[in-house]
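Engineer: Structure: query.pdb, PDB, C-alpha atoms.
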ATOM      1  CA  MET W   1      -3.474  12.174  10.259  1.00  0.00           C
ATOM      2  CA  ILE W   2      -5.903  12.147   7.329  1.00  0.00           C
ATOM      3  CA  GLU W   3      -9.578  11.735   8.089  1.00  0.00           C
ATOM      4  CA  ALA W   4     -11.990  10.462   5.477  1.00  0.00           C
ATOM      5  CA  LEU W   5     -15.234   9.105   6.836  1.00  0.00           C
ATOM      6  CA  PRO W   6     -15.886   6.352   7.778  1.00  0.00           C
ATOM      7  CA  PHE W   7     -12.197   5.557   8.380  1.00  0.00           C
ATOM      8  CA  VAL W   8      -8.938   7.244   9.419  1.00  0.00           C
ATOM      9  CA  VAL W   9      -5.509   6.936   7.757  1.00  0.00           C
ATOM     10  CA  ARG W  10      -2.566   7.172  10.156  1.00  0.00           C
ATOM     11  CA  HIS W  11       0.984   5.941  10.673  1.00  0.00           C
ATOM     12  CA  ALA W  12       1.184   2.310  11.738  1.00  0.00           C
ATOM     13  CA  VAL W  13       2.197   1.319  15.252  1.00  0.00           C
ATOM     14  CA  PRO W  14       3.508  -2.081  16.400  1.00  0.00           C
ATOM     15  CA  ALA W  15       0.054  -3.139  17.637  1.00  0.00           C
ATOM     16  CA  ASP W  16      -1.210  -2.904  14.027  1.00  0.00           C
ATOM     17  CA  GLY W  17       1.122  -5.662  12.834  1.00  0.00           C
ATOM     18  CA  GLU W  18      -0.882  -8.778  13.642  1.00  0.00           C
ATOM     19  CA  PRO W  19      -4.339  -7.448  12.648  1.00  0.00           C
ATOM     20  CA  VAL W  20      -2.848  -6.285   9.333  1.00  0.00           C
ATOM     21  CA  ARG W  21      -1.136  -9.624   8.691  1.00  0.00           C
ATOM     22  CA  THR W  22      -4.443 -11.401   9.368  1.00  0.00           C
ATOM     23  CA  PHE W  23      -6.455  -9.543   6.718  1.00  0.00           C
ATOM     24  CA  VAL W  24      -3.553  -9.488   4.223  1.00  0.00           C
ATOM     25  CA  ARG W  25      -3.256 -13.276   4.429  1.00  0.00           C
ATOM     26  CA  ALA W  26      -7.000 -13.568   3.763  1.00  0.00           C
ATOM     27  CA  VAL W  27      -6.672 -11.304   0.707  1.00  0.00           C
ATOM     28  CA  LEU W  28      -3.716 -13.287  -0.657  1.00  0.00           C
ATOM     29  CA  TRP W  29      -5.479 -16.616  -0.120  1.00  0.00           C
ATOM     30  CA  SER W  30      -8.570 -15.301  -1.913  1.00  0.00           C
ATOM     31  CA  TYR W  31      -6.424 -14.773  -5.024  1.00  0.00           C
ATOM     32  CA  GLY W  32      -4.611 -18.102  -4.658  1.00  0.00           C
ATOM     33  CA  LEU W  33      -1.326 -16.386  -3.724  1.00  0.00           C
ATOM     34  CA  ASP W  34       1.293 -17.328  -1.135  1.00  0.00           C
ATOM     35  CA  ALA W  35       0.071 -15.874   2.155  1.00  0.00           C
ATOM     36  CA  GLN W  36       3.390 -16.453   3.923  1.00  0.00           C
ATOM     37  CA  HIS W  37       5.269 -13.598   2.258  1.00  0.00           C
ATOM     38  CA  PRO W  38       8.300 -12.583   4.380  1.00  0.00           C
ATOM     39  CA  ASP W  39       7.585  -8.843   3.972  1.00  0.00           C
ATOM     40  CA  LEU W  40       4.502  -9.247   6.136  1.00  0.00           C
ATOM     41  CA  GLY W  41       6.615 -10.089   9.168  1.00  0.00           C
ATOM     42  CA  VAL W  42       8.266  -6.669   9.210  1.00  0.00           C
ATOM     43  CA  PHE W  43       5.163  -4.494   8.867  1.00  0.00           C
ATOM     44  CA  ALA W  44       4.774  -2.152  11.852  1.00  0.00           C
ATOM     45  CA  VAL W  45       8.099  -3.277  13.302  1.00  0.00           C
ATOM     46  CA  PRO W  46      10.080  -0.208  14.433  1.00  0.00           C
ATOM     47  CA  PHE W  47      13.217   0.686  12.472  1.00  0.00           C
ATOM     48  CA  ASN W  48      12.581  -1.801   9.654  1.00  0.00           C
ATOM     49  CA  GLY W  49      13.831   0.615   6.972  1.00  0.00           C
ATOM     50  CA  ALA W  50      10.486   1.805   5.619  1.00  0.00           C
ATOM     51  CA  LEU W  51      10.048   5.516   4.986  1.00  0.00           C
ATOM     52  CA  ALA W  52       6.403   5.237   6.044  1.00  0.00           C
ATOM     53  CA  GLU W  53       3.904   2.553   6.941  1.00  0.00           C
ATOM     54  CA  LEU W  54       0.289   3.630   6.995  1.00  0.00           C
ATOM     55  CA  VAL W  55      -2.939   1.982   8.040  1.00  0.00           C
ATOM     56  CA  ALA W  56      -6.566   2.831   7.488  1.00  0.00           C
ATOM     57  CA  THR W  57      -8.601   2.113  10.594  1.00  0.00           C
ATOM     58  CA  LYS W  58     -12.293   1.931  11.303  1.00  0.00           C
ATOM     59  CA  GLY W  59     -13.202   2.069  14.964  1.00  0.00           C
ATOM     60  CA  GLY W  60      -9.496   1.699  15.730  1.00  0.00           C
ATOM     61  CA  VAL W  61      -9.221  -1.602  13.839  1.00  0.00           C
ATOM     62  CA  PRO W  62      -6.899  -1.769  10.789  1.00  0.00           C
ATOM     63  CA  ILE W  63      -8.806  -2.278   7.525  1.00  0.00           C
ATOM     64  CA  GLY W  64      -6.093  -1.304   5.030  1.00  0.00           C
ATOM     65  CA  MET W  65      -2.321  -0.912   4.839  1.00  0.00           C
ATOM     66  CA  ILE W  66       0.459   0.457   2.649  1.00  0.00           C
ATOM     67  CA  ALA W  67       4.226   0.793   3.008  1.00  0.00           C
ATOM     68  CA  LEU W  68       6.670   3.172   1.315  1.00  0.00           C
ATOM     69  CA  TRP W  69      10.283   2.014   0.997  1.00  0.00           C
ATOM     70  CA  PRO W  70      13.371   3.860  -0.250  1.00  0.00           C
ATOM     71  CA  ARG W  71      14.881   3.091  -3.655  1.00  0.00           C
ATOM     72  CA  GLY W  72      17.948   5.297  -3.514  1.00  0.00           C
ATOM     73  CA  ARG W  73      17.815   8.983  -2.614  1.00  0.00           C
ATOM     74  CA  GLU W  74      15.269  10.134  -5.170  1.00  0.00           C
ATOM     75  CA  TYR W  75      12.857   7.245  -5.605  1.00  0.00           C
ATOM     76  CA  GLY W  76      10.485   5.225  -3.473  1.00  0.00           C
ATOM     77  CA  TRP W  77       8.642   1.961  -3.819  1.00  0.00           C
ATOM     78  CA  ILE W  78       5.117   1.211  -2.642  1.00  0.00           C
ATOM     79  CA  SER W  79       4.821  -2.212  -1.119  1.00  0.00           C
ATOM     80  CA  LYS W  80       1.854  -4.167   0.050  1.00  0.00           C
ATOM     81  CA  LEU W  81      -1.209  -2.004  -0.523  1.00  0.00           C
ATOM     82  CA  PHE W  82      -4.056  -4.142   0.784  1.00  0.00           C
ATOM     83  CA  VAL W  83      -7.630  -3.456   1.869  1.00  0.00           C
ATOM     84  CA  ASP W  84      -9.704  -5.848   3.935  1.00  0.00           C
ATOM     85  CA  PRO W  85     -12.281  -7.285   1.491  1.00  0.00           C
ATOM     86  CA  GLU W  86     -15.154  -6.377   3.837  1.00  0.00           C
ATOM     87  CA  HIS W  87     -14.192  -2.699   3.520  1.00  0.00           C
ATOM     88  CA  ARG W  88     -13.674  -2.345  -0.209  1.00  0.00           C
ATOM     89  CA  GLY W  89     -15.589   0.284  -2.094  1.00  0.00           C
ATOM     90  CA  LEU W  90     -15.194   2.906   0.654  1.00  0.00           C
ATOM     91  CA  GLY W  91     -12.181   4.650  -0.894  1.00  0.00           C
ATOM     92  CA  VAL W  92      -9.709   3.049   1.524  1.00  0.00           C
ATOM     93  CA  GLY W  93      -7.169   2.062  -1.153  1.00  0.00           C
ATOM     94  CA  ARG W  94      -7.384   5.471  -2.810  1.00  0.00           C
ATOM     95  CA  ALA W  95      -6.871   7.264   0.525  1.00  0.00           C
ATOM     96  CA  LEU W  96      -3.899   5.052   1.427  1.00  0.00           C
ATOM     97  CA  LEU W  97      -2.267   5.598  -1.957  1.00  0.00           C
ATOM     98  CA  ARG W  98      -2.735   9.383  -1.705  1.00  0.00           C
ATOM     99  CA  ALA W  99      -1.306   9.365   1.819  1.00  0.00           C
ATOM    100  CA  ALA W 100       1.745   7.397   0.629  1.00  0.00           C
ATOM    101  CA  GLU W 101       2.234   9.869  -2.238  1.00  0.00           C
ATOM    102  CA  ASP W 102       2.112  12.719   0.302  1.00  0.00           C
ATOM    103  CA  GLU W 103       4.670  10.921   2.472  1.00  0.00           C
ATOM    104  CA  ALA W 104       6.936  10.511  -0.553  1.00  0.00           C
ATOM    105  CA  ARG W 105       6.717  14.240  -1.188  1.00  0.00           C
ATOM    106  CA  THR W 106       7.793  14.969   2.388  1.00  0.00           C
ATOM    107  CA  TRP W 107      10.889  12.854   1.699  1.00  0.00           C
ATOM    108  CA  LYS W 108      11.382  14.971  -1.469  1.00  0.00           C
ATOM    109  CA  LEU W 109      11.254  11.922  -3.728  1.00  0.00           C
ATOM    110  CA  LYS W 110      11.007  12.514  -7.483  1.00  0.00           C
ATOM    111  CA  ALA W 111       8.920   9.429  -8.206  1.00  0.00           C
ATOM    112  CA  ILE W 112       7.511   6.295  -6.653  1.00  0.00           C
ATOM    113  CA  GLY W 113       6.860   2.938  -8.216  1.00  0.00           C
ATOM    114  CA  LEU W 114       5.006  -0.255  -7.445  1.00  0.00           C
ATOM    115  CA  SER W 115       4.268  -3.632  -8.922  1.00  0.00           C
ATOM    116  CA  THR W 116       1.139  -5.711  -9.022  1.00  0.00           C
ATOM    117  CA  LEU W 117      -0.147  -8.831 -10.686  1.00  0.00           C
ATOM    118  CA  PRO W 118      -2.663  -8.602 -13.551  1.00  0.00           C
ATOM    119  CA  ARG W 119      -5.056 -10.880 -11.638  1.00  0.00           C
ATOM    120  CA  LEU W 120      -5.361  -8.202  -8.934  1.00  0.00           C
ATOM    121  CA  ARG W 121      -7.837  -6.345 -11.105  1.00  0.00           C
ATOM    122  CA  GLU W 122      -9.005  -3.949  -8.413  1.00  0.00           C
ATOM    123  CA  ALA W 123      -5.424  -2.809  -7.817  1.00  0.00           C
ATOM    124  CA  VAL W 124      -4.730  -2.305 -11.518  1.00  0.00           C
ATOM    125  CA  GLN W 125      -7.938  -0.282 -11.880  1.00  0.00           C
ATOM    126  CA  LEU W 126      -7.048   1.847  -8.843  1.00  0.00           C
ATOM    127  CA  TYR W 127      -3.532   2.713 -10.037  1.00  0.00           C
ATOM    128  CA  GLU W 128      -4.641   3.535 -13.555  1.00  0.00           C
ATOM    129  CA  SER W 129      -7.606   5.622 -12.362  1.00  0.00           C
ATOM    130  CA  MET W 130      -5.241   7.673 -10.170  1.00  0.00           C
ATOM    131  CA  GLY W 131      -2.871   8.488 -13.028  1.00  0.00           C
ATOM    132  CA  TRP W 132      -0.087   6.027 -12.359  1.00  0.00           C
ATOM    133  CA  GLN W 133       1.780   5.215 -15.578  1.00  0.00           C
ATOM    134  CA  ARG W 134       2.381   1.610 -16.524  1.00  0.00           C
ATOM    135  CA  GLN W 135       5.925   0.765 -17.521  1.00  0.00           C
ATOM    136  CA  ALA W 136       6.231  -0.715 -20.994  1.00  0.00           C
ATOM    137  CA  GLY W 137       6.700  -4.433 -21.296  1.00  0.00           C
ATOM    138  CA  GLU W 138       4.800  -7.537 -20.456  1.00  0.00           C
ATOM    139  CA  GLY W 139       5.529 -10.087 -17.841  1.00  0.00           C
ATOM    140  CA  LYS W 140       4.314 -11.708 -14.694  1.00  0.00           C
ATOM    141  CA  GLU W 141       4.052  -8.379 -12.863  1.00  0.00           C
ATOM    142  CA  ARG W 142       2.822  -4.969 -13.935  1.00  0.00           C
ATOM    143  CA  ILE W 143       5.072  -2.066 -12.951  1.00  0.00           C
ATOM    144  CA  TYR W 144       3.649   1.433 -12.412  1.00  0.00           C
ATOM    145  CA  TRP W 145       5.346   4.777 -11.704  1.00  0.00           C
ATOM    146  CA  ARG W 146       4.100   8.103 -10.441  1.00  0.00           C
ATOM    147  CA  MET W 147       6.161  11.269 -10.938  1.00  0.00           C
ATOM    148  CA  LEU W 148       5.932  13.589  -7.929  1.00  0.00           C
ATOM    149  CA  THR W 149       7.757  16.690  -9.139  1.00  0.00           C
TER     150      THR W 149
END
Step by step, read the file and then write its structure as C-alpha cells.
Structural biologist:
Amino acid sequence: MIEALPFVVRHAVPADGEPVRTFVRAVLWSYGLDAQHPDLGVFAVPFNGALAELVATKGGVPIGMIALWPRGREYGWISKLFVDPEHRGLGVGRALLRAAEDEARTWKLKAIGLSTLPRLREAVQLYESMGWQRQAGEGKERIYWRMLT
C-alpha cells in the first residue's frame, strides 16, 4: 500500500466497483464522452484478466482508479486512469500512475503504454510531465509509452 496524504493508493476490491463506475461516468459525461463504456463493468471484478487494478481512496471512499492489463509477456497497457473531479490537484493521478508503473515492474514488463484523447488535457499534461513518450503520428487518440528497463 502506498500512502500519500490526504489519500491512500491500494489494490481494488469488489466493493470499489460501483463507487468507481459512478465517478468515472461523471468524468466521461463532463467531457461529452460515452459513459457506458463496457470496460467499466469489469473493474474490481475478480479474475478479469488485469495484472493490477488500483484505487486511490480518501476516508475509505474511492476517488481515483487505474488498471494495468497485459499486452503479451513483456508489455502492459494502462487503462482507465480517472480521478474524481472534486479531488483533482491533490496528486491522485500522479500517485496512481506511479503505482501502476511499480506494479508493471513487479511483473517484469519492459514497457507500458496507454492512449488518451487530446481533449483530456489534464491527462495529456500528466503523462508528458511524468516522462511518458508520445508515439509519432496523429489521429483521434494519443498513444504514450514508458520504458521500464
Engineer: Considering all atoms listed in the file, state which residue in the set W:Gly64, W:Gly17, W:Pro70, W:Gly131 is at the smallest distance from Ala104 (chain W).
Structural biologist: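 Closest residue, counting all atoms listed in the file: W:Pro70.
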Engineer: Name the residues in contact with Glu103 (chain W) at a cut-off of 12 Å, using only C-alpha atoms, excluding same-chain residues fewer than 2 positions from it; report them as a JSON list (two decimals) with C-alpha atoms, in the coordinates of the input.
Structural biologist:
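Written output follows (part-v6.json):
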[["chain", "number", "residue", "atom", "x", "y", "z"],
["W", 1, "MET", "CA", -3.47, 12.17, 10.26],
["W", 2, "ILE", "CA", -5.90, 12.15, 7.33],
["W", 10, "ARG", "CA", -2.57, 7.17, 10.16],
["W", 11, "HIS", "CA", 0.98, 5.94, 10.67],
["W", 50, "ALA", "CA", 10.49, 1.80, 5.62],
["W", 51, "LEU", "CA", 10.05, 5.52, 4.99],
["W", 52, "ALA", "CA", 6.40, 5.24, 6.04],
["W", 53, "GLU", "CA", 3.90, 2.55, 6.94],
["W", 54, "LEU", "CA", 0.29, 3.63, 7.00],
["W", 66, "ILE", "CA", 0.46, 0.46, 2.65],
["W", 67, "ALA", "CA", 4.23, 0.79, 3.01],
["W", 68, "LEU", "CA", 6.67, 3.17, 1.32],
["W", 69, "TRP", "CA", 10.28, 2.01, 1.00],
["W", 70, "PRO", "CA", 13.37, 3.86, -0.25],
["W", 76, "GLY", "CA", 10.48, 5.22, -3.47],
["W", 77, "TRP", "CA", 8.64, 1.96, -3.82],
["W", 78, "ILE", "CA", 5.12, 1.21, -2.64],
["W", 96, "LEU", "CA", -3.90, 5.05, 1.43],
["W", 97, "LEU", "CA", -2.27, 5.60, -1.96],
["W", 98, "ARG", "CA", -2.74, 9.38, -1.70],
["W", 99, "ALA", "CA", -1.31, 9.36, 1.82],
["W", 100, "ALA", "CA", 1.74, 7.40, 0.63],
["W", 101, "GLU", "CA", 2.23, 9.87, -2.24],
["W", 105, "ARG", "CA", 6.72, 14.24, -1.19],
["W", 106, "THR", "CA", 7.79, 14.97, 2.39],
["W", 107, "TRP", "CA", 10.89, 12.85, 1.70],
["W", 108, "LYS", "CA", 11.38, 14.97, -1.47],
["W", 109, "LEU", "CA", 11.25, 11.92, -3.73],
["W", 110, "LYS", "CA", 11.01, 12.51, -7.48],
["W", 111, "ALA", "CA", 8.92, 9.43, -8.21],
["W", 112, "ILE", "CA", 7.51, 6.30, -6.65],
["W", 148, "LEU", "CA", 5.93, 13.59, -7.93]]
Engineer: Using all atoms listed in the file, which of W:Phe7, W:Asp34, W:Thr116, W:Leu28 sits nearest Lys58 (chain W)?
Structural biologist: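 The closest residue to Lys58 (chain W) is W:Phe7.
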Engineer: Of the candidates W:Gln133, W:Ser79, W:Asn48, W:Gln125, which shows the shortest atom-to-atom distance to Pro14 (chain W), using all atoms listed in the file?
Structural biologist: W:Asn48
Engineer: CA of Glu86 (chain W) and CA of Lys140 (chain W) are how many Å apart?
Structural biologist: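 So the two atoms, CA of Glu86 (chain W) and CA of Lys140 (chain W), lie 27.4 Å apart.
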